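S.K.: The structure is given below, and queries will be raised subsequently.
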Amino acid sequence: VFRDKVQPFYHMFHDIQGMRRFCYYATGCLWTLLVWGFFGVAVCRIAMIRLTRDERIGIDDAVQFALRKMLTSLGAFAIPFLTVACICIPLGLAGLLMTFDIGVVMMGCCWFVVLMMTILVAILLVGLLFGWPLMISAVAAEGHDSFDALTRSFAYTFQRPLHYIFYAF
């Protein structure tokens with residue numbers, strides 16, 4: 001299941017054969033996020049109401065809640081993606097600058113900044129890789145904003161990794 005859901009993201013960066021194929025896979029990625037954001041919130045809402053309050057919630061109520069929280073669930077995914085994109089733009093420009101001799105000297109002087117930016121990108125992507133299911137459940141349980149769902153999922157992923165691995169198994 002994991003490979004099938006990640007397939008558009010994999011092909012978007014590995015099978016680039018022109019802008020048309022890239023846009024095709026980017027659309028597939030957006031559709032995957034929309035489907036997971038909508039149905040994931042609806043299913044998690046039904047499960048959480050049943051488990052926490054021992055009440056039954058109808059599918060129509062869960063779908064209405066998921067429709068109201070669609071942008072919130074997409075925003076929880078979008079914040080790390082957009083942050084990584086904004087960090088990668090200067091890193092790409094630094095890579096282009098390093099094609100010149102003077103650029104290598106300039107980047108050698110501020111290489112620690114490049115390393116710190118790269119570590120930040122790695123932390124964001126690892127948190128997104130392991131925390132995306134928790135983002136959906138945080139939106140379904142709390143119903144707050146995207147940043148709240150993001151911080152809750154990242155906090156659980158990084159502060160309790162052994163619990164997370166245990167629950168995953």
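Each chain in the structure tokens gets a letter, A, B, ..., in the order shown, and its residues are numbered from 1; ligands are numbered from 1 in order too.
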For the contact check between stretch 54-129 of chain A and stretch 144-154 of chain A, emit one row per residue of stretch 54-129 of chain A within 12 Å, containing the shortest atom pair and the distance in Å rounded to one decimal, counting only C-alpha atoms, chain then rising number order, as CSV.

M.R.:
```
residue,atom,partner,partner_atom,distance
A:Phe65,CA,A:His144,CA,11.9
A:Arg68,CA,A:His144,CA,11.1
A:Lys69,CA,A:Asp145,CA,8.7
A:Met70,CA,A:Ser146,CA,10.1
A:Leu71,CA,A:Ser146,CA,8.2
A:Thr72,CA,A:Ser146,CA,4.8
A:Ser73,CA,A:Ser146,CA,6.3
A:Leu74,CA,A:Ser146,CA,7.8
A:Gly75,CA,A:Ser146,CA,5.2
A:Ala76,CA,A:Ser146,CA,4.4
A:Phe77,CA,A:Leu150,CA,7.8
A:Ala78,CA,A:Ser146,CA,8.9
A:Ile79,CA,A:Phe147,CA,7.7
A:Pro80,CA,A:Leu150,CA,8.4
A:Phe81,CA,A:Leu150,CA,11.6
A:Ile123,CA,A:Phe154,CA,9.6
A:Leu124,CA,A:Phe154,CA,8.7
A:Leu125,CA,A:Phe154,CA,10.5
A:Val126,CA,A:Phe154,CA,9.3
A:Gly127,CA,A:Phe154,CA,5.6
A:Leu128,CA,A:Phe154,CA,7.6
A:Leu129,CA,A:Phe154,CA,10.0
```

S.K.: Taking 5 positions as the minimum chain separation for residues in the same chain, which residues sit within 10 Å of A:Leu91 when counting only C-alpha atoms? Answer as a PyMOL selection string.

M.R.: chain A and resi 85-86+96-97+113-115+117-118

S.K.: Can I get the selection written as a JSON list (two decimals), in the first residue's frame, with N, CA, C and O atoms?

M.R.:
```json
[["chain", "number", "residue", "atom", "x", "y", "z"],
["A", 85, "ALA", "N", 10.99, 23.56, -0.27],
["A", 85, "ALA", "CA", 11.19, 24.21, -1.57],
["A", 85, "ALA", "C", 11.87, 25.56, -1.41],
["A", 85, "ALA", "O", 12.77, 25.91, -2.18],
["A", 86, "CYS", "N", 11.47, 26.33, -0.40],
["A", 86, "CYS", "CA", 12.08, 27.64, -0.17],
["A", 86, "CYS", "C", 13.53, 27.51, 0.28],
["A", 86, "CYS", "O", 14.35, 28.39, -0.01],
["A", 96, "LEU", "N", 24.82, 26.27, -8.41],
["A", 96, "LEU", "CA", 25.16, 26.92, -9.69],
["A", 96, "LEU", "C", 26.36, 27.84, -9.54],
["A", 96, "LEU", "O", 27.19, 27.94, -10.44],
["A", 97, "LEU", "N", 26.43, 28.52, -8.42],
["A", 97, "LEU", "CA", 27.55, 29.43, -8.18],
["A", 97, "LEU", "C", 28.87, 28.66, -8.08],
["A", 97, "LEU", "O", 29.93, 29.18, -8.43],
["A", 113, "VAL", "N", 26.73, 27.16, 6.63],
["A", 113, "VAL", "CA", 25.34, 27.59, 6.41],
["A", 113, "VAL", "C", 24.63, 26.60, 5.49],
["A", 113, "VAL", "O", 23.48, 26.23, 5.73],
["A", 114, "VAL", "N", 25.32, 26.15, 4.46],
["A", 114, "VAL", "CA", 24.76, 25.17, 3.54],
["A", 114, "VAL", "C", 24.48, 23.86, 4.28],
["A", 114, "VAL", "O", 23.41, 23.24, 4.10],
["A", 115, "LEU", "N", 25.37, 23.44, 5.15],
["A", 115, "LEU", "CA", 25.17, 22.22, 5.93],
["A", 115, "LEU", "C", 23.98, 22.36, 6.87],
["A", 115, "LEU", "O", 23.19, 21.42, 7.02],
["A", 117, "MET", "N", 21.36, 24.30, 6.48],
["A", 117, "MET", "CA", 20.15, 24.29, 5.67],
["A", 117, "MET", "C", 19.81, 22.88, 5.21],
["A", 117, "MET", "O", 18.64, 22.49, 5.18],
["A", 118, "THR", "N", 20.84, 22.10, 4.89],
["A", 118, "THR", "CA", 20.63, 20.72, 4.47],
["A", 118, "THR", "C", 20.12, 19.87, 5.62],
["A", 118, "THR", "O", 19.24, 19.02, 5.43]]
```
